[in-house]
Amino acid sequence: MPCTVAAAMKRIIGAAVGAGVLVAWQVGAAWACGGFFCDGPSPSGPLPIAQAAENVLFVMGHDPASGASTVEAHIQVLYTGPASKFSWIVPVTSVPTVSVGADILFDRIEPPTRPSFNVTYQQEGNCRGVSGVGAGCGSAAGGVSDSAGGVGTRGGVEPPEVDVLSHGSVGPYDYVVIKSEDGGTLRTWLTDHGYYVSEDGARIIDDYVAGQFSFVAVRLQGGQDVSAIRPIVLRMTAPEACLPLKLTAIASTPDLRINVWVLGDARAVPINYAEITINQARLDWFNFGRNYDQLLKDAANEAKGNAFAVEYALSARSSMTWFALASTARTQLASANTPADFVSLLSRLGLQPTGAVLQVLRKQIPIPASVAAMGVSETNFYGSINYYWSSYSADFAAFDAAAAATAMDTEVLTPMATYARLFDREGKLTRLATFISPEEMTADPLFVTNPSLPDVAPQHMAVAHVLCGDGLDICVAPVRLRTEDGSDVMYRATGCRSYDRGTLDQLPGSQMGWARDADSDGQIVVDNREDISKMVTAHNATVPTPTKSDGCGCVAVGGSPGALLLTLAAGGVALARRRRRRSVRP
């Protein structure tokens, strides 16, 4: 069944590795969903384009004239495969407006909304081997032309088997909106015009045709390469944001990561997928949530792939600072004397050589052939450009600061100012995330806002109580970790700040899940709290815990002193002494 409610969007097909495509909408009662089609699979391998990740921003608002709800969807899709195979198909119920966005949008909203997991330490007892325990920190990880683009136009009295409703060019793309009452006829048209339609794709397209959907088809114009790929923007009227996944399954990699941002009047929720929370007891806090993606993946799989976690939900206006730049930024860049000065200025402006900024640098300040021959990566080159400029300046291409500043202004500075105004509104920005595989893409998720739910900050903190008892060395003392959701998890030390996870990786990935709606908490559909508590208790019982005692020994939680634990404590003290003699410190 296609996207069930006005508001949808997208699907971009084919971009090159690291290249992003974005989509956004508005327009009269229309739905949109989409998928990738290309030249067809190779005889011995997968589709030439495989979607590996996707970022989407929905902006929910109202038409100032009619008051109707609108959705503007910005979508960035990362692909593997050649740009020459790029094509995008999306079903809609009315003719949408099509425009091009800028990649800098996601470069700016992704990092600050990404979850981070930190630990603070508290000593309990007389910890030997250090004077104190510090805190750790880290992160989890245009106009329309008169050309039809070779598509053809209507003619004669009788309507054609495939109606061309709209066509044109925008940015680097040619696009056409087509409709047919017969799925086979539409699929033949797509195939004749270079779009590959698999058997699964044919079935899904037939479903949309039966629902009286039209289709937007977008391709890169002839002669365009990967560097020309830009986000696509579609706009339409709709009460809900719909992320069409059914056609995505045609050319998606297993466990596709999807990040959805919703800019609306309140925190956003999925209404036909579950909203889940991860099990913090299983999170690898001591390695800054290194296993967070795997945990989210497992949690989503436990819900058969039809679930999202809310990773961020805070004031929309707080996002404006991410797009703030000095008004003199372009003038400063145009005055740079050398490539090194230009990159240094970018850094001082808060613009790092990644994403859209990197795309400009590749053209304006390419890595010299002599430096590339050394195996120097882009990250190292731009990050240490002062060194390479001082050592190999003669090998650098001619540098035009004015041209570089103009390019940066077009791709980065001006779009940032535009997006700053986009976030200047009441309401919330919400980030939701999941992992989903092609076989699980059986329903198109819908998102609405819910003013009854609390904010969600991306920064998360747990407290590690280092249990030294009457004098254990801090490097062998066990730790009791108190998580934000109230779990107390014991860890046996295997070295300084190194802890054995025991059976924790056998715990469920999700803690709870809800079937949400637009105005209440919704219904609990997943509740693993009891099972998690039992499994954590069993895990904790395997970790010896020191306590104060007359004999300065150790006892297990709820137990009495034992010879084995005394031996462990004595061994820990001896180890500490040896370490101190070697001047080893944690």
# chains A, B, ... in the order shown; residues from 1 in each chain; ligands from 1
call {"tool": "residues_around", "arguments": {"residues": "Val310 in chain A", "least_positions_apart": "3", "cutoff": "9 Å", "atoms": "only C-alpha atoms", "output": "PDB file with N, CA and C atoms, in the first residue's frame"}}
result
ATOM      1  N   ALA A 268       8.699  15.454  16.951  1.00  0.00           N
ATOM      2  CA  ALA A 268       8.111  14.556  15.955  1.00  0.00           C
ATOM      3  C   ALA A 268       8.117  13.116  16.433  1.00  0.00           C
ATOM      4  N   VAL A 269       7.129  12.358  15.954  1.00  0.00           N
ATOM      5  CA  VAL A 269       7.031  10.929  16.273  1.00  0.00           C
ATOM      6  C   VAL A 269       6.620  10.164  15.027  1.00  0.00           C
ATOM      7  N   GLU A 275       8.284   3.728  18.081  1.00  0.00           N
ATOM      8  CA  GLU A 275       9.377   4.571  18.582  1.00  0.00           C
ATOM      9  C   GLU A 275      10.046   3.802  19.712  1.00  0.00           C
ATOM     10  N   ILE A 276      11.343   3.577  19.613  1.00  0.00           N
ATOM     11  CA  ILE A 276      12.042   2.728  20.572  1.00  0.00           C
ATOM     12  C   ILE A 276      13.105   3.508  21.334  1.00  0.00           C
ATOM     13  N   THR A 277      13.440   3.007  22.496  1.00  0.00           N
ATOM     14  CA  THR A 277      14.614   3.484  23.222  1.00  0.00           C
ATOM     15  C   THR A 277      15.599   2.327  23.327  1.00  0.00           C
ATOM     16  N   ALA A 313      15.688  16.182  20.240  1.00  0.00           N
ATOM     17  CA  ALA A 313      14.439  16.933  20.111  1.00  0.00           C
ATOM     18  C   ALA A 313      14.558  18.177  20.984  1.00  0.00           C
ATOM     19  N   THR A 430      13.602  17.661  15.541  1.00  0.00           N
ATOM     20  CA  THR A 430      13.714  16.289  16.045  1.00  0.00           C
ATOM     21  C   THR A 430      14.569  15.460  15.103  1.00  0.00           C
ATOM     22  N   ARG A 431      15.420  14.639  15.660  1.00  0.00           N
ATOM     23  CA  ARG A 431      16.172  13.672  14.859  1.00  0.00           C
ATOM     24  C   ARG A 431      15.733  12.273  15.262  1.00  0.00           C
ATOM     25  N   LEU A 432      15.365  11.466  14.269  1.00  0.00           N
ATOM     26  CA  LEU A 432      15.017  10.070  14.481  1.00  0.00           C
ATOM     27  C   LEU A 432      15.928   9.209  13.609  1.00  0.00           C
ATOM     28  N   ALA A 433      16.255   8.018  14.058  1.00  0.00           N
ATOM     29  CA  ALA A 433      17.184   7.177  13.307  1.00  0.00           C
ATOM     30  C   ALA A 433      16.793   5.712  13.395  1.00  0.00           C
ATOM     31  N   VAL A 456      14.535  15.836  24.027  1.00  0.00           N
ATOM     32  CA  VAL A 456      15.571  14.806  24.088  1.00  0.00           C
ATOM     33  C   VAL A 456      16.905  15.465  23.738  1.00  0.00           C
TER      34      VAL A 456
END
call {"tool": "select_by_dssp", "arguments": {"residues": "range 127-345 of chain A", "states": "alpha helix (DSSP H)", "output": "ChimeraX atom specification"}}
result
/A:183-192,199-210,292-302,329-334,339-345
call {"tool": "write_last_selection", "arguments": {"atoms": "C-alpha atoms", "output": "PDB file, in the first residue's frame"}}
result
ATOM      1  CA  GLY A 183       1.381  -0.294 -14.867  1.00  0.00           C
ATOM      2  CA  GLY A 184       2.832  -2.277 -17.728  1.00  0.00           C
ATOM      3  CA  THR A 185       2.638   0.713 -20.068  1.00  0.00           C
ATOM      4  CA  LEU A 186       4.357   2.952 -17.541  1.00  0.00           C
ATOM      5  CA  ARG A 187       7.074   0.401 -16.880  1.00  0.00           C
ATOM      6  CA  THR A 188       7.682   0.037 -20.620  1.00  0.00           C
ATOM      7  CA  TRP A 189       8.047   3.818 -20.884  1.00  0.00           C
ATOM      8  CA  LEU A 190      10.573   3.815 -18.059  1.00  0.00           C
ATOM      9  CA  THR A 191      12.558   0.998 -19.628  1.00  0.00           C
ATOM     10  CA  ASP A 192      12.533   2.654 -23.078  1.00  0.00           C
ATOM     11  CA  GLU A 199      10.573  -7.568 -10.901  1.00  0.00           C
ATOM     12  CA  ASP A 200      10.111  -6.243  -7.379  1.00  0.00           C
ATOM     13  CA  GLY A 201      10.128  -2.691  -8.709  1.00  0.00           C
ATOM     14  CA  ALA A 202       7.456  -3.599 -11.272  1.00  0.00           C
ATOM     15  CA  ARG A 203       5.165  -4.972  -8.564  1.00  0.00           C
ATOM     16  CA  ILE A 204       5.576  -1.896  -6.372  1.00  0.00           C
ATOM     17  CA  ILE A 205       5.073   0.493  -9.298  1.00  0.00           C
ATOM     18  CA  ASP A 206       1.869  -1.352 -10.221  1.00  0.00           C
ATOM     19  CA  ASP A 207       0.623  -0.750  -6.668  1.00  0.00           C
ATOM     20  CA  TYR A 208       1.210   2.988  -7.007  1.00  0.00           C
ATOM     21  CA  VAL A 209      -0.341   3.092 -10.506  1.00  0.00           C
ATOM     22  CA  ALA A 210      -3.449   1.403  -9.104  1.00  0.00           C
ATOM     23  CA  TYR A 292      25.714   2.352  19.553  1.00  0.00           C
ATOM     24  CA  ASP A 293      25.066   1.731  15.848  1.00  0.00           C
ATOM     25  CA  GLN A 294      25.020  -2.028  16.405  1.00  0.00           C
ATOM     26  CA  LEU A 295      22.726  -1.550  19.385  1.00  0.00           C
ATOM     27  CA  LEU A 296      20.335   0.602  17.354  1.00  0.00           C
ATOM     28  CA  LYS A 297      20.465  -1.933  14.550  1.00  0.00           C
ATOM     29  CA  ASP A 298      19.607  -4.789  16.906  1.00  0.00           C
ATOM     30  CA  ALA A 299      16.839  -2.777  18.559  1.00  0.00           C
ATOM     31  CA  ALA A 300      15.288  -2.023  15.169  1.00  0.00           C
ATOM     32  CA  ASN A 301      15.617  -5.668  14.116  1.00  0.00           C
ATOM     33  CA  GLU A 302      13.780  -6.717  17.258  1.00  0.00           C
ATOM     34  CA  ALA A 329      33.440  35.744   5.693  1.00  0.00           C
ATOM     35  CA  ARG A 330      33.432  36.049   1.893  1.00  0.00           C
ATOM     36  CA  THR A 331      35.641  39.150   1.950  1.00  0.00           C
ATOM     37  CA  GLN A 332      38.099  37.442   4.261  1.00  0.00           C
ATOM     38  CA  LEU A 333      38.314  34.378   2.025  1.00  0.00           C
ATOM     39  CA  ALA A 334      38.767  36.478  -1.115  1.00  0.00           C
ATOM     40  CA  PRO A 339      45.944  28.103  -0.383  1.00  0.00           C
ATOM     41  CA  ALA A 340      47.117  27.524   3.187  1.00  0.00           C
ATOM     42  CA  ASP A 341      45.725  30.905   4.260  1.00  0.00           C
ATOM     43  CA  PHE A 342      42.390  30.073   2.616  1.00  0.00           C
ATOM     44  CA  VAL A 343      42.014  26.753   4.440  1.00  0.00           C
ATOM     45  CA  SER A 344      43.133  28.304   7.739  1.00  0.00           C
ATOM     46  CA  LEU A 345      40.494  31.015   7.338  1.00  0.00           C
TER      47      LEU A 345
END
call {"tool": "closest_residue", "arguments": {"among": "A:Thr338, A:Phe323, A:Gln523, A:Val90", "to": "Ala420 in chain A", "atoms": "only C-alpha atoms"}}
result
A:Phe323
call {"tool": "select_by_dssp", "arguments": {"residues": "range 164-354 of chain A", "states": "strand (DSSP E or B)", "output": "PyMOL selection string"}}
result
chain A and resi 164-170+173-179+214-220+232-237+241-242+252-264+268-270+274-278+307-315
call {"tool": "closest_residue", "arguments": {"among": "A:Thr545, A:Thr494, A:Gln212, A:Ser370", "to": "Ile178 in chain A", "atoms": "only C-alpha atoms"}}
result
A:Gln212
call {"tool": "residues_around", "arguments": {"residues": "Met512 in chain A", "least_positions_apart": "4", "cutoff": "12 Å", "atoms": "only C-alpha atoms", "output": "PDB file with N, CA and C atoms, in the first residue's frame"}}
result
ATOM      1  N   ALA A 274       7.158   1.859  15.237  1.00  0.00           N
ATOM      2  CA  ALA A 274       7.351   2.015  16.678  1.00  0.00           C
ATOM      3  C   ALA A 274       8.414   3.076  16.953  1.00  0.00           C
ATOM      4  N   GLU A 275       8.284   3.728  18.081  1.00  0.00           N
ATOM      5  CA  GLU A 275       9.377   4.571  18.582  1.00  0.00           C
ATOM      6  C   GLU A 275      10.046   3.802  19.712  1.00  0.00           C
ATOM      7  N   ILE A 276      11.343   3.577  19.613  1.00  0.00           N
ATOM      8  CA  ILE A 276      12.042   2.728  20.572  1.00  0.00           C
ATOM      9  C   ILE A 276      13.105   3.508  21.334  1.00  0.00           C
ATOM     10  N   THR A 277      13.440   3.007  22.496  1.00  0.00           N
ATOM     11  CA  THR A 277      14.614   3.484  23.222  1.00  0.00           C
ATOM     12  C   THR A 277      15.599   2.327  23.327  1.00  0.00           C
ATOM     13  N   ILE A 278      16.879   2.644  23.226  1.00  0.00           N
ATOM     14  CA  ILE A 278      17.884   1.589  23.313  1.00  0.00           C
ATOM     15  C   ILE A 278      18.082   1.157  24.760  1.00  0.00           C
ATOM     16  N   ASN A 279      18.630  -0.014  24.927  1.00  0.00           N
ATOM     17  CA  ASN A 279      18.948  -0.560  26.243  1.00  0.00           C
ATOM     18  C   ASN A 279      20.314  -0.028  26.679  1.00  0.00           C
ATOM     19  N   GLN A 280      20.324   0.958  27.563  1.00  0.00           N
ATOM     20  CA  GLN A 280      21.578   1.580  27.972  1.00  0.00           C
ATOM     21  C   GLN A 280      22.478   0.640  28.759  1.00  0.00           C
ATOM     22  N   ALA A 299      18.122  -3.214  18.020  1.00  0.00           N
ATOM     23  CA  ALA A 299      16.839  -2.777  18.559  1.00  0.00           C
ATOM     24  C   ALA A 299      15.797  -2.670  17.456  1.00  0.00           C
ATOM     25  N   ALA A 300      16.211  -2.126  16.298  1.00  0.00           N
ATOM     26  CA  ALA A 300      15.288  -2.023  15.169  1.00  0.00           C
ATOM     27  C   ALA A 300      14.922  -3.399  14.636  1.00  0.00           C
ATOM     28  N   GLU A 302      14.715  -6.113  16.317  1.00  0.00           N
ATOM     29  CA  GLU A 302      13.780  -6.717  17.258  1.00  0.00           C
ATOM     30  C   GLU A 302      12.349  -6.262  16.981  1.00  0.00           C
ATOM     31  N   ALA A 303      12.215  -5.097  16.339  1.00  0.00           N
ATOM     32  CA  ALA A 303      10.895  -4.598  15.933  1.00  0.00           C
ATOM     33  C   ALA A 303      10.651  -4.871  14.456  1.00  0.00           C
ATOM     34  N   ALA A 307      10.955   0.525  13.165  1.00  0.00           N
ATOM     35  CA  ALA A 307      11.096   1.289  14.400  1.00  0.00           C
ATOM     36  C   ALA A 307      12.126   2.395  14.225  1.00  0.00           C
ATOM     37  N   PHE A 308      11.920   3.498  14.936  1.00  0.00           N
ATOM     38  CA  PHE A 308      12.856   4.609  14.967  1.00  0.00           C
ATOM     39  C   PHE A 308      13.161   4.973  16.413  1.00  0.00           C
ATOM     40  N   ALA A 309      14.391   5.397  16.657  1.00  0.00           N
ATOM     41  CA  ALA A 309      14.763   5.954  17.956  1.00  0.00           C
ATOM     42  C   ALA A 309      14.872   7.461  17.827  1.00  0.00           C
ATOM     43  N   ASP A 485      19.031   5.526  32.514  1.00  0.00           N
ATOM     44  CA  ASP A 485      17.717   4.892  32.669  1.00  0.00           C
ATOM     45  C   ASP A 485      17.604   4.101  33.973  1.00  0.00           C
ATOM     46  N   PRO A 508      18.927  -7.626  25.350  1.00  0.00           N
ATOM     47  CA  PRO A 508      18.154  -7.069  24.224  1.00  0.00           C
ATOM     48  C   PRO A 508      18.728  -5.723  23.800  1.00  0.00           C
ATOM     49  N   GLN A 523       0.731   3.855  23.103  1.00  0.00           N
ATOM     50  CA  GLN A 523       0.667   2.563  23.766  1.00  0.00           C
ATOM     51  C   GLN A 523       2.031   1.883  23.775  1.00  0.00           C
ATOM     52  N   ILE A 524       2.378   1.286  24.911  1.00  0.00           N
ATOM     53  CA  ILE A 524       3.628   0.532  25.001  1.00  0.00           C
ATOM     54  C   ILE A 524       3.489  -0.756  24.199  1.00  0.00           C
ATOM     55  N   VAL A 525       4.399  -0.980  23.282  1.00  0.00           N
ATOM     56  CA  VAL A 525       4.365  -2.191  22.463  1.00  0.00           C
ATOM     57  C   VAL A 525       5.605  -3.060  22.680  1.00  0.00           C
ATOM     58  N   VAL A 526       6.626  -2.503  23.312  1.00  0.00           N
ATOM     59  CA  VAL A 526       7.827  -3.265  23.664  1.00  0.00           C
ATOM     60  C   VAL A 526       8.206  -2.884  25.086  1.00  0.00           C
ATOM     61  N   ASP A 527       8.416  -3.867  25.915  1.00  0.00           N
ATOM     62  CA  ASP A 527       8.862  -3.590  27.278  1.00  0.00           C
ATOM     63  C   ASP A 527       9.800  -4.704  27.724  1.00  0.00           C
ATOM     64  N   ASN A 528      11.078  -4.454  27.604  1.00  0.00           N
ATOM     65  CA  ASN A 528      12.090  -5.443  27.976  1.00  0.00           C
ATOM     66  C   ASN A 528      12.688  -5.172  29.352  1.00  0.00           C
ATOM     67  N   ARG A 529      12.111  -4.270  30.128  1.00  0.00           N
ATOM     68  CA  ARG A 529      12.720  -3.870  31.393  1.00  0.00           C
ATOM     69  C   ARG A 529      12.883  -5.028  32.376  1.00  0.00           C
ATOM     70  N   GLU A 530      11.874  -5.869  32.489  1.00  0.00           N
ATOM     71  CA  GLU A 530      11.980  -6.981  33.434  1.00  0.00           C
ATOM     72  C   GLU A 530      13.074  -7.959  33.006  1.00  0.00           C
ATOM     73  N   ASP A 531      13.098  -8.316  31.731  1.00  0.00           N
ATOM     74  CA  ASP A 531      14.133  -9.237  31.249  1.00  0.00           C
ATOM     75  C   ASP A 531      15.520  -8.630  31.401  1.00  0.00           C
ATOM     76  N   ILE A 532      15.635  -7.336  31.103  1.00  0.00           N
ATOM     77  CA  ILE A 532      16.936  -6.674  31.237  1.00  0.00           C
ATOM     78  C   ILE A 532      17.391  -6.690  32.685  1.00  0.00           C
TER      79      ILE A 532
END
call {"tool": "closest_residue", "arguments": {"among": "A:Tyr499, A:Lys428, A:Trp389, A:Asp395", "to": "Ala373 in chain A", "atoms": "only C-alpha atoms"}}
result
A:Asp395
call {"tool": "decode", "arguments": {"residues": "range 387-413 of chain A", "atoms": "N, CA and C atoms", "output": "compact mmCIF listing (two decimals), in the first residue's frame"}}
result
# COMPACT_ATOMS: atom_id res chain seq x y z
N TYR A 387 51.98 22.75 6.25
CA TYR A 387 53.22 21.99 6.03
C TYR A 387 53.43 21.72 4.55
N TYR A 388 52.37 21.24 3.88
CA TYR A 388 52.53 20.89 2.47
C TYR A 388 52.76 22.13 1.60
N TRP A 389 52.17 23.26 1.97
CA TRP A 389 52.42 24.49 1.23
C TRP A 389 53.87 24.95 1.41
N SER A 390 54.38 24.87 2.62
CA SER A 390 55.76 25.30 2.86
C SER A 390 56.77 24.36 2.22
N SER A 391 56.42 23.10 2.05
CA SER A 391 57.37 22.12 1.50
C SER A 391 57.21 21.88 0.01
N TYR A 392 56.00 22.04 -0.53
CA TYR A 392 55.75 21.68 -1.93
C TYR A 392 54.97 22.76 -2.66
N SER A 393 55.13 24.03 -2.29
CA SER A 393 54.33 25.11 -2.89
C SER A 393 54.48 25.17 -4.41
N ALA A 394 55.67 24.82 -4.92
CA ALA A 394 55.90 24.86 -6.37
C ALA A 394 55.04 23.85 -7.11
N ASP A 395 54.56 22.82 -6.41
CA ASP A 395 53.76 21.77 -7.04
C ASP A 395 52.26 22.07 -7.02
N PHE A 396 51.87 23.11 -6.27
CA PHE A 396 50.46 23.45 -6.17
C PHE A 396 49.96 24.07 -7.47
N ALA A 397 48.67 23.82 -7.80
CA ALA A 397 48.05 24.47 -8.96
C ALA A 397 47.90 25.96 -8.67
N ALA A 398 47.81 26.76 -9.73
CA ALA A 398 47.62 28.19 -9.55
C ALA A 398 46.38 28.44 -8.71
N PHE A 399 46.50 29.35 -7.75
CA PHE A 399 45.42 29.61 -6.81
C PHE A 399 44.80 30.98 -7.05
N ASP A 400 43.48 31.01 -7.18
CA ASP A 400 42.73 32.24 -7.38
C ASP A 400 41.79 32.41 -6.19
N ALA A 401 42.19 33.24 -5.24
CA ALA A 401 41.41 33.41 -4.02
C ALA A 401 40.00 33.91 -4.30
N ALA A 402 39.86 34.85 -5.26
CA ALA A 402 38.54 35.39 -5.58
C ALA A 402 37.61 34.31 -6.12
N ALA A 403 38.16 33.44 -7.01
CA ALA A 403 37.35 32.35 -7.58
C ALA A 403 36.97 31.34 -6.50
N ALA A 404 37.94 31.05 -5.62
CA ALA A 404 37.68 30.10 -4.54
C ALA A 404 36.63 30.65 -3.58
N ALA A 405 36.71 31.95 -3.28
CA ALA A 405 35.74 32.56 -2.39
C ALA A 405 34.35 32.57 -3.01
N THR A 406 34.27 32.81 -4.32
CA THR A 406 32.98 32.80 -5.02
C THR A 406 32.36 31.41 -4.98
N ALA A 407 33.18 30.39 -5.24
CA ALA A 407 32.68 29.02 -5.20
C ALA A 407 32.20 28.65 -3.80
N MET A 408 32.97 29.05 -2.79
CA MET A 408 32.58 28.75 -1.42
C MET A 408 31.31 29.51 -1.05
N ASP A 409 31.17 30.72 -1.56
CA ASP A 409 29.97 31.51 -1.29
C ASP A 409 28.74 30.84 -1.89
N THR A 410 28.89 30.32 -3.13
CA THR A 410 27.76 29.68 -3.82
C THR A 410 27.34 28.39 -3.15
N GLU A 411 28.31 27.58 -2.77
CA GLU A 411 28.01 26.24 -2.25
C GLU A 411 27.81 26.19 -0.74
N VAL A 412 28.37 27.15 -0.02
CA VAL A 412 28.37 27.06 1.44
C VAL A 412 27.80 28.30 2.14
N LEU A 413 28.40 29.47 1.89
CA LEU A 413 28.05 30.64 2.68
C LEU A 413 26.61 31.11 2.47
